[in-house]
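Note sheet for the following structure.
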Amino acid sequence: MLTLFPGERPEYPEELPHTLEGAAARFALTVSGDTAVLTATVAWGGQTREGTASFPAAALDEAPERVYHAVQHALKLAFYRAGTAILGAEPPWGALTGVRPVKLPTRAMRRGLTPEQAQTELEREYRVSPVRAALAVDCARASLAAGDRLGPRQVSVYVGIPFCPTRCAYCSFVSADTARAAGLIGPYLEALLEEVERTGALLRRLGLGVRSFYMGGGTPTTLTAPQMDTLLSRIRSELPLEDCLEYTVEAGRPDTITREKLEVLKKHGVARISINPQTLEGEVLAAIGRKHAPGDIPAAYALAREAGFDCINMDLIAGLPRDSFDGFRRSLEGVLALDPENVTVHTLALKKGSRLMEEGGPLPPGEETARMLDFSLDALRGRGYLPYYLYRQKYMSGSLENVGWAKPGRESLYNIVMMEELQTVVSLGAGGVTKLVDPAAGRILRLPNPKYPHEYLSGLDKVLARKEDIADFYRPSL
């Protein structure tokens, strides 16, 4: 409903109305012989249409959770067919509503289907457009390849630095403006060092090695070079990084990048960094609350190359306030001229807690944002980049997606692991969520840290004590 009719919200009357008026939907389930049929009657904008979906009636006699999924899938497709008949068009991701569409073709290929068959299943069963279905299958290939590089006694580690020079208008992440929270950075770093020590001791006791490491935020390079040196030294000495394949730190904002900080990162073995412009349009940068100029991006990029970094990711966002198709095209072409190894194209999502959600702003229409995404697909493939991970979010412009692109062989293992839930990710710092994954049992357990820096500091004892929950999760297999 939110995908097809984004202005509507569900209401459930106590009594079923005799006629459908305004914006309404009614569902009926009937059984005829071996077939169950779910019919959706949808009224909207003065029109009424019916859609149906069928499944084997025997599914209604199975375990409750299997009945639920069978009925849920049929209900979704029946509503989708009626709704799209009213609208006269289908969204690019069809009837898919989850944030991880790549899981479907990945499972299909694990069942023995070819990539072509997995794509056909997405198109037929979920009405995904051929372009998006191919995108998901390409990412499924990358997910399967990443899974082959992971061992059973390995985890990934995320370290969060929840501070930024300014808070972007679209941002809902837990990050504090350094102008207001400068006094918190020192105490936060001391607490984080303690969590690093406790986590490293626990992982070694459990015999778990770190396969990929990612430091994000916020903006990690809001730390000074000495602070970064102290933190990375402790990480190197305490965490079991002997078999770590990937070591990433988000440099992020160009106005936080200095030669001294880059030299510290390089000294500690960081091989992959992000320099994230989001846009190269000055008017758009101002609208989202960034204080740097478009020219600062290539300058920071050149500095990183001079420091020896040969794997750089750059982010862009389609659908930002005051942006246009031509502005986005110029930004992407400017990024491609720099020739980074990774490019991530996000679609703007209006998130609760963001200034943009609360105050609104002059946003490009969904159709124009869709043009931006379509242009990025052609431009990036044309330059030899391949999609390797993607995800979707609620309230995303045009019901589109975020896609990570990489030159062949330069994919980020951590990004795939995190998004496709291929292995445990142990998160350290404020706002982090440890996600314990048991792939064999299909079991996932989430352990959130306190969201805000001051809450993290006041609750550090509880944060450290909860590390034993990780031990409890792995204990049966020890």
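Labels used: A, B, ... for chains in the order of the structure tokens, numbers from 1 for residues in each chain, and numbers from 1 for ligands as shown.
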For this session: Show which residues sit within 12 Å of Lys394 of chain A, as a ChimeraX atom specification. Count only C-alpha atoms, and ignore same-chain residues fewer than 6 positions away.
Result: /A:2-3,6,97-100,347-352,400-402
If we count only C-alpha atoms and set the cut-off at 6 Å, which residues sit around Ile317 of chain A, ignoring sequence neighbours fewer than 6 positions away in its own chain? Please answer as a PDB file with C-alpha atoms, in the first residue's frame.
```pdb
ATOM      1  CA  GLN A 278      26.971  13.111  -1.999  1.00  0.00           C
ATOM      2  CA  VAL A 345      24.628   5.532  -5.440  1.00  0.00           C
ATOM      3  CA  HIS A 346      21.989   6.115  -2.771  1.00  0.00           C
ATOM      4  CA  THR A 347      18.410   7.186  -3.268  1.00  0.00           C
TER       5      THR A 347
END
```
Exercise. Which neighbours of Thr256 of chain A fall inside 8 Å, counting only C-alpha atoms, when residues of the same chain fewer than 4 positions from it are skipped, and could you give them as a PyMOL selection string?
Worked result: chain A and resi 165+221-222+251-252
Near Arg443 of chain A, counting only C-alpha atoms, which residues have an atom at most 12 Å away, once you skip same-chain residues fewer than 4 positions from it, shown as a short mmCIF file (atom, residue, chain, number, x, y, z; two decimals) with N, CA and C atoms, in the first residue's frame?
```cif
data_model
loop_
_atom_site.label_atom_id
_atom_site.label_comp_id
_atom_site.auth_asym_id
_atom_site.auth_seq_id
_atom_site.Cartn_x
_atom_site.Cartn_y
_atom_site.Cartn_z
N GLU A 421 23.68 -10.35 5.65
CA GLU A 421 23.68 -11.10 6.91
C GLU A 421 24.35 -12.46 6.76
N LEU A 422 25.56 -12.44 6.17
CA LEU A 422 26.29 -13.67 5.89
C LEU A 422 27.07 -14.18 7.10
N GLN A 423 27.44 -13.28 8.02
CA GLN A 423 28.14 -13.70 9.22
C GLN A 423 27.91 -12.66 10.31
N THR A 424 28.33 -12.99 11.51
CA THR A 424 28.18 -12.08 12.64
C THR A 424 28.96 -10.79 12.40
N LYS A 435 25.07 -7.87 15.39
CA LYS A 435 24.12 -8.80 14.77
C LYS A 435 24.78 -10.18 14.75
N LEU A 436 24.35 -11.04 15.66
CA LEU A 436 24.89 -12.39 15.76
C LEU A 436 24.16 -13.30 14.79
N VAL A 437 24.90 -13.94 13.90
CA VAL A 437 24.31 -14.72 12.81
C VAL A 437 24.77 -16.16 12.88
N ASP A 438 23.80 -17.06 12.87
CA ASP A 438 24.07 -18.49 12.76
C ASP A 438 23.48 -18.94 11.42
N PRO A 439 24.27 -18.94 10.33
CA PRO A 439 23.72 -19.24 9.01
C PRO A 439 23.10 -20.62 8.92
N PHE A 473 25.82 -16.97 22.76
CA PHE A 473 25.35 -17.31 21.42
C PHE A 473 26.23 -18.39 20.80
N TYR A 474 27.55 -18.27 21.01
CA TYR A 474 28.47 -19.22 20.39
C TYR A 474 28.76 -20.45 21.25
#
```
Exercise. Do you know which residues are at most 12 Å from Asp374 of chain A counting only C-alpha atoms, after dropping those on the same chain fewer than 2 positions away, and could you put them as a count of residues only?
Worked result: 26
Exercise. From the list A:Phe27, A:Tyr126, A:Tyr388, A:Trp93, which residue is nearest His73 of chain A when using only C-alpha atoms?
Worked result: A:Tyr126
Exercise. In Å to one decimal, how far is atom CA of Gly384 of chain A from atom CA of Lys266 of chain A?
Worked result: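 Answer for the atom CA of Lys266 of chain A to atom CA of Gly384 of chain A separation: 27.4 Å.
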